[in-house]
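Asks: Okay, here's the structure, questions in a sec.
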Number of protein chains: 2
Amino acid sequence: MGIRELAHHLNLSIATVSRALNGSDEVSAATRRRVVATATRLGYAPQAAGRSLRQGRSSTVGLMLPAKGPDESYTLSLFFPLADGIQSVLAPEALDLVLVQGRSDETELGQVRRMVERRAVDGLILAGTRGDDPRLAYVAEKGFPFVAFGRSRSGGVHPWVDLDFEAGAQAAVGRLVGFGHRRIAIGVPADDAMQGHVYLKAWRHALQAQGLRAPERLVYRDELSERGGYRITQAALEVPASRRPTAILFQSDCMAIGAYRRLSELGLRPGRDLAISGGVLTGELSEYLSPQLTGFRVAYRPLGQRLAEALLARLAARDAKRKAPPVQERWPIELVARASDAGSR
Amino acid sequence: MGIRELAHHLNLSIATVSRALNGSDEVSAATRRRVVATATRLGYAPQAAGRSLRQGRSSTVGLMLPAKGPDESYTLSLFFPLADGIQSVLAPEALDLVLVQGRSDETELGQVRRMVERRAVDGLILAGTRGDDPRLAYVAEKGFPFVAFGRSRSGGVHPWVDLDFEAGAQAAVGRLVGFGHRRIAIGVPADDAMQGHVYLKAWRHALQAQGLRAPERLVYRDELSERGGYRITQAALEVPASRRPTAILFQSDCMAIGAYRRLSELGLRPGRDLAISGGVLTGELSEYLSPQLTGFRVAYRPLGQRLAEALLARLAARDAKRKAPPVQERWPIELVARASDAGSR
DNA sequence: ATACTGTCCGGAAACGTTTCCGGCCACCCC
DNA sequence: GGGGTGGCCGGAAACGTTTCCGGACAGTAT
């Protein structure tokens, strides 16, 4: 069932059939109705390959997830609503979403290059940015349409949407200071993940805005996982009491869970013996912990929609051969205040 | 940078270049090396569109997720490891994974048809099967390569991999009976989700194997969400004490959470006042609940791998014009025994 | 009546690749 | 030396679609 056969059925040329199906205005309304009717009746849909070969576009965009860390659960819950939001915007434009993910023996850059060179996707949404991110440098240099979920140092100015860690840190620190905390540590991923850099910087600013110092000894770096949070908490508790942090700001809830575990092993309790601020809440888990975990709630679905819209704008700009408006947006995150970051001792 | 230009660079015909890059044995080793070297140097990769047009295949498989229910968190955590496992098998075969997901105004069947007719994917992995599932009927009738994650009543015999709810129910019920429970209710989704049907049937068999009756009044149906579990628990507790269930088997942890909430509102405690067996554990949440939730742990990543392998076998069979071996497998699930399904009162 | 405009349609080229078919050349065997 | 074989390669067709270009025809203005 090709367009040729369909055209034959209709006693029309394939050109007219194609035009009718693609909404060209060079075809009469009557003919269009007839074409569309028989097309659906015979179950004809233009093959993707022929169409994209001719049009030079794949009608497809790629979503590249962060390389999963040691604790793969981190990306788990964020993934679905994000992809869902993206798709909800892509679908009306008849764009499909393909996952660009860890072919394990291939570097991330290699995957991006492969997708771009093969023209397998028209655009890319790149998540899990790093400070030095060769993927971004590549697509930016190539002029390939993309939007990053997360900032970066490399790649010059590029379009991104990122969580507003600045506002988040300010709110979280402000709350802790309100509870009387003065030695507020931070636990960030030890790798080059950009969110760690951003959060760290935001923490520094937030402390200084409160008239506090932000010495390097209050900075703990470990892997972004329960184990990382566990070890950070352990290390923090070994500091002599006079300089010991009374609160820790974590990057995300999975680290905070490690803190809970370490504390409970020692018979201590979050929010009483050590204040825990959970950072980004990646799942619904936080509210079932005891005590409930304070942290940032992120609306991932609309965030995905925003990413997709921004990419769409860039695709349209490219088609029209004009340059796309810059997109550098901090996505609001909401501090849900619960009990884990309360009183100091 | 097309194959033509590359061939010109090399003083070769495009035919030879194509053969060299595709590993044909009709090209000398020396030439192949030369071709591959300059191809990577010049950053050439065959365009997906041209290739798939000629080959009649898209080198792409689709993953269709269950239509998300009222509580979208259900599919959340399962999604990532499943997709990850699938990709780990697909990647070595140079297959990409595209998400076939809720274009909201389109029926699920419509999406599948569209993908198949447009030849946008070579095969499909269909999750979230229902008892009467038109998607399965369609692809089965069409002879299109696919594997279902979940069984179905429609579509005749089709390849599937599904959780082994039979063994799961037996283990869960056995444990409850061991604790002295006799009136063991079940809470399943009220819609046509096949997992509900299967689990229900497995529950009946498990009860009968224990010499117990499985009357209809012990069957509770509601939506697959926290709210559903909440309402089911509420309803169960309103039954006169003489006939009131002392244990409830839920479909999945998200329902069990609703039970926790209802119980705690009444000052009751899971595992003491009412035994809660959590069913499929979709996240790591269960171990942070208090008391910890008993339920089935599923290794989703290897499950995804298995699904992909099964699909690969069908694709290969199709290429070789022979028929694929049947795949109807129950995937082992492990009952992790914790405190929520303990003693009755 | 002629010229012009606008509407609608058909023929054919083009997109980039793989693969069929045929051919050249070197080699080997008798 | 002739015929056969196998290795390696080039020309060209083919995949299915969109779109350029040109043309038929009807309607309208001059």
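Letters A, B, ... mark the chains of the structure tokens in the order given; residue numbers begin at 1 per chain; ligand numbers begin at 1, in order shown.
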Hand me chain B as it sits after a least-squares fit onto chain A over every Cα, paired in order, written as a compact mmCIF listing (two decimals) with C-alpha atoms, in the first residue's frame.

Replies:
# COMPACT_ATOMS: atom_id res chain seq x y z
CA MET B 1 0.03 0.04 0.07
CA GLY B 2 2.10 2.92 -1.20
CA ILE B 3 1.10 6.33 -2.36
CA ARG B 4 1.27 5.06 -5.92
CA GLU B 5 -1.31 2.42 -5.34
CA LEU B 6 -3.50 4.84 -3.49
CA ALA B 7 -3.24 7.32 -6.32
CA HIS B 8 -4.17 4.61 -8.79
CA HIS B 9 -7.23 3.77 -6.71
CA LEU B 10 -8.27 7.39 -6.86
CA ASN B 11 -7.45 8.03 -10.48
CA LEU B 12 -5.16 10.81 -9.37
CA SER B 13 -1.47 11.51 -9.63
CA ILE B 14 0.73 10.79 -6.68
CA ALA B 15 1.57 14.46 -6.59
CA THR B 16 -2.01 15.41 -5.93
CA VAL B 17 -2.43 12.69 -3.36
CA SER B 18 0.65 13.82 -1.53
CA ARG B 19 -0.57 17.40 -1.57
CA ALA B 20 -3.99 16.41 -0.35
CA LEU B 21 -2.56 14.51 2.58
CA ASN B 22 -0.10 17.20 3.50
CA GLY B 23 -2.60 19.99 3.58
CA SER B 24 -1.35 21.91 0.59
CA ASP B 25 -3.74 24.57 -0.61
CA GLU B 26 -3.18 23.62 -4.21
CA VAL B 27 -5.78 20.92 -4.08
CA SER B 28 -9.52 21.30 -4.13
CA ALA B 29 -11.49 20.64 -0.99
CA ALA B 30 -13.51 17.93 -2.66
CA THR B 31 -10.43 16.05 -3.83
CA ARG B 32 -8.84 16.36 -0.44
CA ARG B 33 -11.86 14.85 1.24
CA ARG B 34 -11.90 12.01 -1.21
CA VAL B 35 -8.21 11.33 -0.78
CA VAL B 36 -8.27 11.45 2.98
CA ALA B 37 -11.32 9.22 3.09
CA THR B 38 -9.86 6.47 0.94
CA ALA B 39 -6.48 6.80 2.62
CA THR B 40 -7.94 6.07 6.01
CA ARG B 41 -10.18 3.40 4.54
CA LEU B 42 -7.29 1.59 2.97
CA GLY B 43 -5.07 2.24 5.96
CA TYR B 44 -2.49 4.24 4.11
CA ALA B 45 0.06 6.34 5.91
CA PRO B 46 3.14 7.74 4.23
CA GLN B 47 6.23 5.74 5.06
CA ALA B 48 8.51 7.56 7.39
CA ALA B 49 11.67 6.68 5.48
CA GLY B 50 10.62 8.04 2.12
CA ARG B 51 9.21 11.13 3.64
CA SER B 52 12.20 11.96 5.72
CA LEU B 53 14.58 11.22 2.91
CA ARG B 54 12.82 13.69 0.71
CA GLN B 55 12.24 16.30 3.36
CA GLY B 56 15.65 16.05 4.87
CA ARG B 57 14.22 15.78 8.33
CA SER B 58 13.42 12.83 10.49
CA SER B 59 10.42 14.17 12.38
CA THR B 60 12.06 12.88 15.47
CA VAL B 61 13.80 14.40 18.43
CA GLY B 62 16.17 12.72 20.81
CA LEU B 63 16.17 12.76 24.57
CA MET B 64 19.48 12.03 26.15
CA LEU B 65 19.43 11.10 29.76
CA PRO B 66 22.21 11.68 32.17
CA ALA B 67 24.65 8.86 32.31
CA LYS B 68 23.30 6.93 35.19
CA GLY B 69 25.39 7.12 38.23
CA PRO B 70 26.15 4.39 40.71
CA ASP B 71 22.67 4.75 42.11
CA GLU B 72 20.50 4.49 39.08
CA SER B 73 17.41 5.17 41.10
CA TYR B 74 18.29 8.82 40.91
CA THR B 75 17.00 9.28 37.41
CA LEU B 76 14.17 6.90 37.92
CA SER B 77 11.29 8.98 38.98
CA LEU B 78 12.23 12.09 37.12
CA PHE B 79 12.31 10.25 33.84
CA PHE B 80 8.72 9.44 33.27
CA PRO B 81 7.05 12.78 33.93
CA LEU B 82 9.77 14.55 32.01
CA ALA B 83 9.37 12.34 28.96
CA ASP B 84 5.63 12.57 29.30
CA GLY B 85 5.72 16.34 29.29
CA ILE B 86 8.04 16.41 26.32
CA GLN B 87 5.83 14.07 24.36
CA SER B 88 2.71 16.03 25.11
CA VAL B 89 4.24 18.96 23.24
CA LEU B 90 5.88 16.92 20.51
CA ALA B 91 2.88 14.82 19.61
CA PRO B 92 0.75 17.61 18.13
CA GLU B 93 3.67 18.45 15.87
CA ALA B 94 3.84 14.83 14.73
CA LEU B 95 7.28 14.41 16.22
CA ASP B 96 8.42 11.20 17.81
CA LEU B 97 10.74 10.92 20.76
CA VAL B 98 13.70 8.60 20.68
CA LEU B 99 15.80 7.71 23.63
CA VAL B 100 19.50 8.31 23.30
CA GLN B 101 20.96 6.33 26.06
CA GLY B 102 23.96 4.50 27.26
CA ARG B 103 25.34 2.25 24.67
CA SER B 104 27.75 1.30 27.33
CA ASP B 105 30.87 0.90 25.26
CA GLU B 106 30.35 4.16 23.51
CA THR B 107 31.08 7.56 24.89
CA GLU B 108 28.21 9.94 25.35
CA LEU B 109 29.69 12.26 22.83
CA GLY B 110 29.95 9.41 20.40
CA GLN B 111 26.27 8.75 20.70
CA VAL B 112 25.39 12.35 20.09
CA ARG B 113 27.69 12.55 17.10
CA ARG B 114 26.21 9.42 15.68
CA MET B 115 22.68 10.74 16.00
CA VAL B 116 23.57 14.08 14.48
CA GLU B 117 25.66 12.75 11.62
CA ARG B 118 23.13 10.14 10.68
CA ARG B 119 20.44 12.78 10.83
CA ALA B 120 18.51 10.35 12.94
CA VAL B 121 16.98 13.19 14.93
CA ASP B 122 16.06 16.77 14.10
CA GLY B 123 16.88 18.06 17.53
CA LEU B 124 18.15 17.02 20.92
CA ILE B 125 17.23 17.52 24.52
CA LEU B 126 20.32 16.91 26.58
CA ALA B 127 19.93 16.28 30.26
CA GLY B 128 22.44 15.74 33.00
CA THR B 129 24.87 18.38 31.90
CA ARG B 130 28.36 18.54 33.28
CA GLY B 131 30.63 21.46 33.81
CA ASP B 132 32.78 20.41 30.92
CA ASP B 133 30.33 18.78 28.62
CA PRO B 134 31.66 17.78 25.20
CA ARG B 135 28.16 16.96 23.98
CA LEU B 136 27.12 20.57 24.33
CA ALA B 137 30.29 21.85 22.77
CA TYR B 138 29.74 19.56 19.82
CA VAL B 139 26.13 20.39 19.03
CA ALA B 140 26.68 24.07 19.68
CA GLU B 141 29.63 24.19 17.34
CA LYS B 142 27.71 22.18 14.80
CA GLY B 143 24.74 24.51 14.94
CA PHE B 144 22.51 21.59 15.65
CA PRO B 145 19.18 22.42 17.31
CA PHE B 146 19.17 21.45 20.95
CA VAL B 147 18.16 22.48 24.42
CA ALA B 148 19.97 21.44 27.54
CA PHE B 149 18.32 20.51 30.77
CA GLY B 150 20.99 21.99 32.96
CA ARG B 151 23.65 24.61 32.56
CA SER B 152 27.24 24.15 31.61
CA ARG B 153 30.52 25.96 31.48
CA SER B 154 31.50 24.68 28.07
CA GLY B 155 29.86 25.24 24.75
CA GLY B 156 29.63 28.95 25.17
CA VAL B 157 26.15 30.34 25.55
CA HIS B 158 23.67 27.66 24.75
CA PRO B 159 19.96 27.31 25.33
CA TRP B 160 19.12 25.73 28.62
CA VAL B 161 16.44 25.31 31.20
CA ASP B 162 17.66 24.45 34.64
CA LEU B 163 16.32 24.16 38.13
CA ASP B 164 16.50 27.39 40.04
CA PHE B 165 19.02 26.23 42.57
CA GLU B 166 19.74 29.84 43.48
CA ALA B 167 16.26 30.50 44.79
CA GLY B 168 16.15 27.02 46.22
CA ALA B 169 19.36 27.37 48.20
CA GLN B 170 18.27 30.75 49.45
CA ALA B 171 14.98 29.38 50.72
CA ALA B 172 16.53 26.29 52.26
CA VAL B 173 19.34 28.21 53.93
CA GLY B 174 16.97 30.90 55.10
CA ARG B 175 14.86 28.32 56.81
CA LEU B 176 17.84 26.73 58.51
CA VAL B 177 19.11 30.09 59.71
CA GLY B 178 15.68 30.78 61.05
CA PHE B 179 15.99 27.65 63.13
CA GLY B 180 19.23 28.97 64.51
CA HIS B 181 21.72 27.08 62.43
CA ARG B 182 25.07 28.72 61.74
CA ARG B 183 27.27 25.92 60.49
CA ILE B 184 25.38 24.74 57.45
CA ALA B 185 27.23 22.19 55.38
CA ILE B 186 26.50 21.10 51.87
CA GLY B 187 26.70 17.68 50.26
CA VAL B 188 27.15 17.66 46.52
CA PRO B 189 28.15 15.09 43.92
CA ALA B 190 31.88 14.66 43.59
CA ASP B 191 31.86 14.34 39.83
CA ASP B 192 31.58 17.14 37.32
CA ALA B 193 27.77 17.22 37.35
CA MET B 194 26.82 20.81 36.71
CA GLN B 195 23.97 20.74 39.16
CA GLY B 196 26.54 20.20 41.88
CA HIS B 197 28.55 23.22 40.83
CA VAL B 198 25.49 25.39 40.58
CA TYR B 199 24.06 24.27 43.88
CA LEU B 200 27.37 24.79 45.60
CA LYS B 201 27.69 28.30 44.30
CA ALA B 202 24.12 29.06 45.26
CA TRP B 203 24.81 27.77 48.75
CA ARG B 204 27.80 30.11 49.08
CA HIS B 205 25.75 33.07 48.01
CA ALA B 206 22.90 32.16 50.28
CA LEU B 207 25.20 31.86 53.28
CA GLN B 208 26.88 35.16 52.54
CA ALA B 209 23.53 36.83 52.10
CA GLN B 210 22.82 35.69 55.64
CA GLY B 211 26.09 37.14 56.83
CA LEU B 212 27.66 33.73 57.26
CA ARG B 213 30.93 32.41 55.99
CA ALA B 214 31.06 29.51 53.59
CA PRO B 215 34.38 27.83 54.27
CA GLU B 216 35.58 24.91 52.20
CA ARG B 217 35.47 22.57 55.16
CA LEU B 218 31.70 22.73 55.07
CA VAL B 219 31.69 21.34 51.55
CA TYR B 220 31.29 17.59 51.30
CA ARG B 221 31.63 15.80 48.03
CA ASP B 222 30.67 12.24 47.33
CA GLU B 223 28.68 10.24 44.89
CA LEU B 224 25.08 11.17 44.22
CA SER B 225 23.54 8.22 45.97
CA GLU B 226 22.40 6.92 49.28
CA ARG B 227 25.90 5.70 49.95
CA GLY B 228 27.31 9.14 49.25
CA GLY B 229 24.90 10.75 51.68
CA TYR B 230 25.72 8.12 54.24
CA ARG B 231 29.43 8.77 54.05
CA ILE B 232 29.01 12.51 54.10
CA THR B 233 26.91 12.32 57.22
CA GLN B 234 29.42 10.02 58.81
CA ALA B 235 32.23 12.41 58.03
CA ALA B 236 30.30 15.43 59.26
CA LEU B 237 29.53 13.78 62.57
CA GLU B 238 33.19 13.00 63.17
CA VAL B 239 34.08 16.68 63.25
CA PRO B 240 34.75 18.05 66.79
CA ALA B 241 31.56 19.45 68.22
CA SER B 242 32.77 23.04 68.22
CA ARG B 243 33.13 23.11 64.46
CA ARG B 244 30.68 20.38 63.55
CA PRO B 245 27.95 21.34 61.09
CA THR B 246 24.51 21.37 62.60
CA ALA B 247 22.80 21.14 59.26
CA ILE B 248 23.49 19.60 55.88
CA LEU B 249 22.03 20.68 52.59
CA PHE B 250 21.98 17.76 50.18
CA GLN B 251 21.81 17.76 46.44
CA SER B 252 18.92 15.38 46.27
CA ASP B 253 16.73 13.16 48.36
CA CYS B 254 18.68 10.03 47.55
CA MET B 255 21.65 11.45 49.42
CA ALA B 256 19.43 12.54 52.27
CA ILE B 257 18.22 8.99 52.66
CA GLY B 258 21.77 7.94 53.32
CA ALA B 259 21.91 10.57 56.02
CA TYR B 260 18.78 9.16 57.60
CA ARG B 261 20.32 5.75 57.65
CA ARG B 262 23.56 6.86 59.25
CA LEU B 263 21.73 8.88 61.85
CA SER B 264 19.40 6.06 62.75
CA GLU B 265 22.37 3.73 63.16
CA LEU B 266 23.72 6.13 65.75
CA GLY B 267 20.38 6.49 67.46
CA LEU B 268 20.11 10.03 66.22
CA ARG B 269 17.21 11.67 64.49
CA PRO B 270 17.07 14.05 61.53
CA GLY B 271 15.61 17.39 62.46
CA ARG B 272 16.61 17.03 66.07
CA ASP B 273 20.24 15.99 66.21
CA LEU B 274 21.18 17.09 62.74
CA ALA B 275 19.15 19.16 60.33
CA ILE B 276 18.77 17.57 56.93
CA SER B 277 17.60 19.54 53.95
CA GLY B 278 16.92 17.12 51.15
CA GLY B 279 17.52 19.12 48.01
CA VAL B 280 15.71 17.96 44.92
CA LEU B 281 12.93 15.52 45.69
CA THR B 282 13.05 13.02 42.90
CA GLY B 283 10.21 10.89 44.12
CA GLU B 284 7.28 10.81 46.46
CA LEU B 285 9.44 9.07 48.99
CA SER B 286 10.18 12.10 51.07
CA GLU B 287 6.76 12.36 52.61
CA TYR B 288 6.83 8.80 53.85
CA LEU B 289 10.08 9.15 55.68
CA SER B 290 10.04 9.76 59.36
CA PRO B 291 10.44 12.59 59.93
CA GLN B 292 9.27 13.82 56.58
CA LEU B 293 12.03 15.24 54.45
CA THR B 294 12.27 18.89 53.55
CA GLY B 295 13.30 19.54 49.99
CA PHE B 296 12.49 20.97 46.58
CA ARG B 297 9.48 19.79 44.71
CA VAL B 298 9.90 20.02 40.97
CA ALA B 299 7.09 19.98 38.46
CA TYR B 300 8.82 17.76 35.94
CA ARG B 301 6.00 17.39 33.50
CA PRO B 302 5.62 21.10 32.72
CA LEU B 303 9.38 21.34 32.76
CA GLY B 304 9.47 18.73 30.06
CA GLN B 305 6.89 20.69 28.15
CA ARG B 306 8.98 23.81 28.41
CA LEU B 307 12.04 22.02 27.14
CA ALA B 308 10.11 20.68 24.19
CA GLU B 309 8.65 24.07 23.40
CA ALA B 310 12.06 25.65 23.45
CA LEU B 311 13.38 23.00 21.12
CA LEU B 312 10.40 23.44 18.83
CA ALA B 313 11.14 27.13 18.59
CA ARG B 314 14.67 26.36 17.54
CA LEU B 315 13.56 23.89 14.94
CA ALA B 316 11.15 26.44 13.52
CA ALA B 317 13.85 29.09 13.50
CA ARG B 318 16.15 26.78 11.65
CA ASP B 319 13.53 26.03 9.02
CA ALA B 320 12.95 29.74 8.57
CA LYS B 321 16.69 30.33 8.46
CA ARG B 322 16.56 32.89 11.19
CA LYS B 323 18.21 32.55 14.51
CA ALA B 324 16.29 31.33 17.48
CA PRO B 325 15.65 33.47 20.53
CA PRO B 326 17.95 32.67 23.42
CA VAL B 327 16.57 30.40 26.07
CA GLN B 328 18.23 30.46 29.44
CA GLU B 329 15.66 29.92 32.09
CA ARG B 330 15.66 28.92 35.68
CA TRP B 331 12.77 26.69 36.44
CA PRO B 332 11.08 27.46 39.75
CA ILE B 333 11.39 24.83 42.43
CA GLU B 334 9.27 24.84 45.51
CA LEU B 335 10.69 24.26 48.95
CA VAL B 336 8.32 21.97 50.75
CA ALA B 337 8.97 22.59 54.39
CA ARG B 338 8.78 19.59 56.62
CA ALA B 339 10.39 18.37 59.78
CA SER B 340 13.82 17.07 58.78
CA ASP B 341 15.55 20.44 58.76
CA ALA B 342 14.28 21.74 62.06
CA GLY B 343 16.02 22.47 65.36
CA SER B 344 19.66 22.19 66.18
CA ARG B 345 21.02 20.95 69.42

Asks: Looking only at strand (DSSP E or B) from DSSP on the backbone, list the matching residues of region 117-324 of chain B as an NGL selection string.

Replies: :B and (123-127 or 130 or 146-149 or 160-163 or 184-189 or 193 or 219-222 or 247-250 or 252 or 270 or 274-280 or 294-297)

Asks: Just the selected residues (N, CA and C atoms), exported as a short mmCIF file (atom, residue, chain, number, x, y, z; two decimals), in the first residue's frame, please.

Replies:
data_model
loop_
_atom_site.label_atom_id
_atom_site.label_comp_id
_atom_site.auth_asym_id
_atom_site.auth_seq_id
_atom_site.Cartn_x
_atom_site.Cartn_y
_atom_site.Cartn_z
N GLY B 123 9.66 -3.08 15.14
CA GLY B 123 9.02 -3.97 16.09
C GLY B 123 8.49 -3.16 17.26
N LEU B 124 7.68 -3.81 18.09
CA LEU B 124 7.07 -3.10 19.20
C LEU B 124 7.15 -3.90 20.49
N ILE B 125 7.37 -3.20 21.55
CA ILE B 125 7.22 -3.79 22.88
C ILE B 125 6.03 -3.09 23.52
N LEU B 126 5.00 -3.85 23.78
CA LEU B 126 3.77 -3.27 24.28
C LEU B 126 3.59 -3.62 25.74
N ALA B 127 3.54 -2.61 26.56
CA ALA B 127 3.37 -2.83 27.99
C ALA B 127 1.96 -2.46 28.41
N ARG B 130 -4.17 -5.06 28.46
CA ARG B 130 -5.49 -5.20 29.07
C ARG B 130 -6.11 -6.51 28.61
N PHE B 146 6.28 -8.20 17.51
CA PHE B 146 6.08 -7.52 18.78
C PHE B 146 6.21 -8.51 19.93
N VAL B 147 6.39 -7.96 21.09
CA VAL B 147 6.36 -8.74 22.32
C VAL B 147 5.57 -7.91 23.33
N ALA B 148 4.71 -8.55 24.06
CA ALA B 148 3.93 -7.84 25.06
C ALA B 148 4.54 -8.03 26.43
N PHE B 149 4.54 -6.97 27.19
CA PHE B 149 4.87 -7.10 28.60
C PHE B 149 3.54 -7.19 29.33
N TRP B 160 4.57 -13.09 24.91
CA TRP B 160 4.55 -12.19 26.06
C TRP B 160 5.55 -12.64 27.12
N VAL B 161 5.94 -11.67 27.90
CA VAL B 161 6.64 -11.92 29.15
C VAL B 161 5.83 -11.19 30.21
N ASP B 162 5.56 -11.87 31.29
CA ASP B 162 4.73 -11.24 32.31
C ASP B 162 5.26 -11.61 33.69
N LEU B 163 4.91 -10.82 34.65
CA LEU B 163 5.31 -11.14 36.01
C LEU B 163 4.62 -12.43 36.44
N ILE B 184 -8.58 -13.46 53.68
CA ILE B 184 -7.56 -12.68 52.97
C ILE B 184 -8.19 -12.03 51.74
N ALA B 185 -8.34 -10.73 51.81
CA ALA B 185 -8.95 -10.01 50.69
C ALA B 185 -7.91 -9.66 49.65
N ILE B 186 -8.42 -9.19 48.53
CA ILE B 186 -7.51 -8.75 47.48
C ILE B 186 -8.00 -7.42 46.92
N GLY B 187 -7.06 -6.55 46.62
CA GLY B 187 -7.39 -5.25 46.05
C GLY B 187 -6.73 -5.11 44.69
N VAL B 188 -7.57 -5.07 43.67
CA VAL B 188 -7.05 -5.03 42.30
C VAL B 188 -7.63 -3.83 41.57
N PRO B 189 -6.98 -3.43 40.48
CA PRO B 189 -7.51 -2.31 39.69
C PRO B 189 -8.87 -2.64 39.11
N ALA B 193 -7.19 -3.76 33.22
CA ALA B 193 -5.76 -4.10 33.24
C ALA B 193 -5.57 -5.59 33.46
N VAL B 219 -13.18 -9.60 47.20
CA VAL B 219 -12.52 -8.94 46.08
C VAL B 219 -12.88 -7.46 46.06
N TYR B 220 -11.88 -6.62 46.16
CA TYR B 220 -12.10 -5.18 46.11
C TYR B 220 -11.47 -4.63 44.85
N ARG B 221 -12.26 -3.82 44.18
CA ARG B 221 -11.76 -3.22 42.94
C ARG B 221 -11.82 -1.70 43.04
N ASP B 222 -10.73 -1.09 42.67
CA ASP B 222 -10.69 0.37 42.65
C ASP B 222 -9.53 0.79 41.76
N ALA B 247 -6.60 -9.48 56.29
CA ALA B 247 -5.43 -9.20 55.46
C ALA B 247 -5.89 -8.76 54.09
N ILE B 248 -5.12 -7.89 53.48
CA ILE B 248 -5.41 -7.48 52.10
C ILE B 248 -4.14 -7.62 51.26
N LEU B 249 -4.35 -8.28 50.13
CA LEU B 249 -3.29 -8.40 49.13
C LEU B 249 -3.53 -7.31 48.10
N PHE B 250 -2.57 -6.41 47.93
CA PHE B 250 -2.76 -5.35 46.94
C PHE B 250 -2.00 -5.66 45.65
N SER B 252 -0.28 -3.40 43.89
CA SER B 252 1.04 -2.79 43.89
C SER B 252 1.18 -1.86 45.08
N PRO B 270 -0.48 -1.13 60.14
CA PRO B 270 -0.32 -2.27 59.24
C PRO B 270 0.52 -3.35 59.91
N LEU B 274 -4.17 -4.84 60.72
CA LEU B 274 -4.59 -5.35 59.42
C LEU B 274 -3.31 -5.69 58.65
N ALA B 275 -3.29 -6.90 58.12
CA ALA B 275 -2.09 -7.30 57.38
C ALA B 275 -2.16 -6.74 55.96
N ILE B 276 -1.08 -6.13 55.55
CA ILE B 276 -1.01 -5.54 54.21
C ILE B 276 0.12 -6.21 53.43
N SER B 277 -0.26 -6.81 52.32
CA SER B 277 0.75 -7.36 51.44
C SER B 277 0.77 -6.48 50.20
N GLY B 278 1.93 -5.95 49.88
CA GLY B 278 1.99 -4.80 48.98
C GLY B 278 1.95 -5.08 47.50
N GLY B 279 2.01 -6.35 47.11
CA GLY B 279 2.06 -6.62 45.67
C GLY B 279 3.36 -6.14 45.05
N VAL B 280 3.27 -5.72 43.82
CA VAL B 280 4.47 -5.32 43.09
C VAL B 280 5.07 -4.04 43.69
N THR B 294 5.80 -5.46 52.89
CA THR B 294 6.04 -6.72 52.19
C THR B 294 5.52 -6.64 50.77
N GLY B 295 6.26 -7.20 49.85
CA GLY B 295 5.79 -7.17 48.46
C GLY B 295 6.76 -7.86 47.52
N PHE B 296 6.47 -7.74 46.24
CA PHE B 296 7.29 -8.43 45.23
C PHE B 296 8.34 -7.49 44.65
N ARG B 297 9.55 -7.94 44.74
CA ARG B 297 10.61 -7.17 44.09
C ARG B 297 10.78 -7.70 42.68
#

Asks: Write out as a PyMOL selection string each polymer residue whose atoms come within 10 Å of DA12 (chain C), counting only C-alpha atoms (C1' of nucleotides); drop sequence neighbours fewer than 2 positions from it.

Replies: (chain C and resi 10+14) or (chain D and resi 20-21)

Asks: How would the residues just chosen look if you wrote them out with C-alpha atoms (C1' of nucleotides) as a JSON list (two decimals), in the first residue's frame?

Replies:
[["chain", "number", "residue", "atom", "x", "y", "z"],
["C", 10, "DG", "C1'", 0.29, 15.49, -13.82],
["C", 14, "DA", "C1'", 15.41, 14.54, -6.41],
["D", 20, "DC", "C1'", 9.45, 21.90, -8.91],
["D", 21, "DC", "C1'", 7.78, 23.02, -13.22]]

Asks: Within 8 Å of chain A, which residues belong to chain C? Use only C-alpha atoms (C1' of nucleotides) and report them as a ChimeraX atom specification.

Replies: /C:7-10,14-16

Asks: Have a look at C1' of DC28 (chain C) and C1' of DT5 (chain D) and let me know their distance in Å, one decimal.

Replies: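 Separating C1' of DC28 (chain C) from C1' of DT5 (chain D) is a distance of 8.2 Å.
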
Asks: Write down, as a list of chain:residue names, each residue of chain D that has any atom within 12 Å of an atom of chain A, counting only C-alpha atoms (C1' of nucleotides).

Replies: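 The selection requested is D:DC15, D:DG16, D:DT17, D:DT18, D:DT19, D:DC20.
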
Asks: How about saving the chosen residues, C-alpha atoms (C1' of nucleotides) kept, as an mmCIF file, in the first residue's frame?

Replies:
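Wrote it out as selection_38.cif, contents follow:
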data_model
loop_
_atom_site.group_PDB
_atom_site.id
_atom_site.type_symbol
_atom_site.label_atom_id
_atom_site.label_comp_id
_atom_site.auth_asym_id
_atom_site.auth_seq_id
_atom_site.Cartn_x
_atom_site.Cartn_y
_atom_site.Cartn_z
ATOM 1 C "C1'" DC D 15 13.217 2.092 -2.243
ATOM 2 C "C1'" DG D 16 8.606 5.947 -1.370
ATOM 3 C "C1'" DT D 17 7.920 10.276 -0.867
ATOM 4 C "C1'" DT D 18 7.716 15.551 -1.752
ATOM 5 C "C1'" DT D 19 8.085 19.327 -4.738
ATOM 6 C "C1'" DC D 20 9.448 21.897 -8.910
#

Asks: May I ask for the distance between C1' of DA14 (chain D) and C1' of DG22 (chain C), given in Å to one decimal place?

Replies: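 These atoms are spaced 17.1 Å apart.
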
Asks: Would you list the contacts of region 1-5 of chain C as a count of residues only, taking every protein, DNA or RNA residue within 9 Å and counting only C-alpha atoms (C1' of nucleotides), but skipping same-chain residues closer than 4 positions in sequence?

Replies: 4
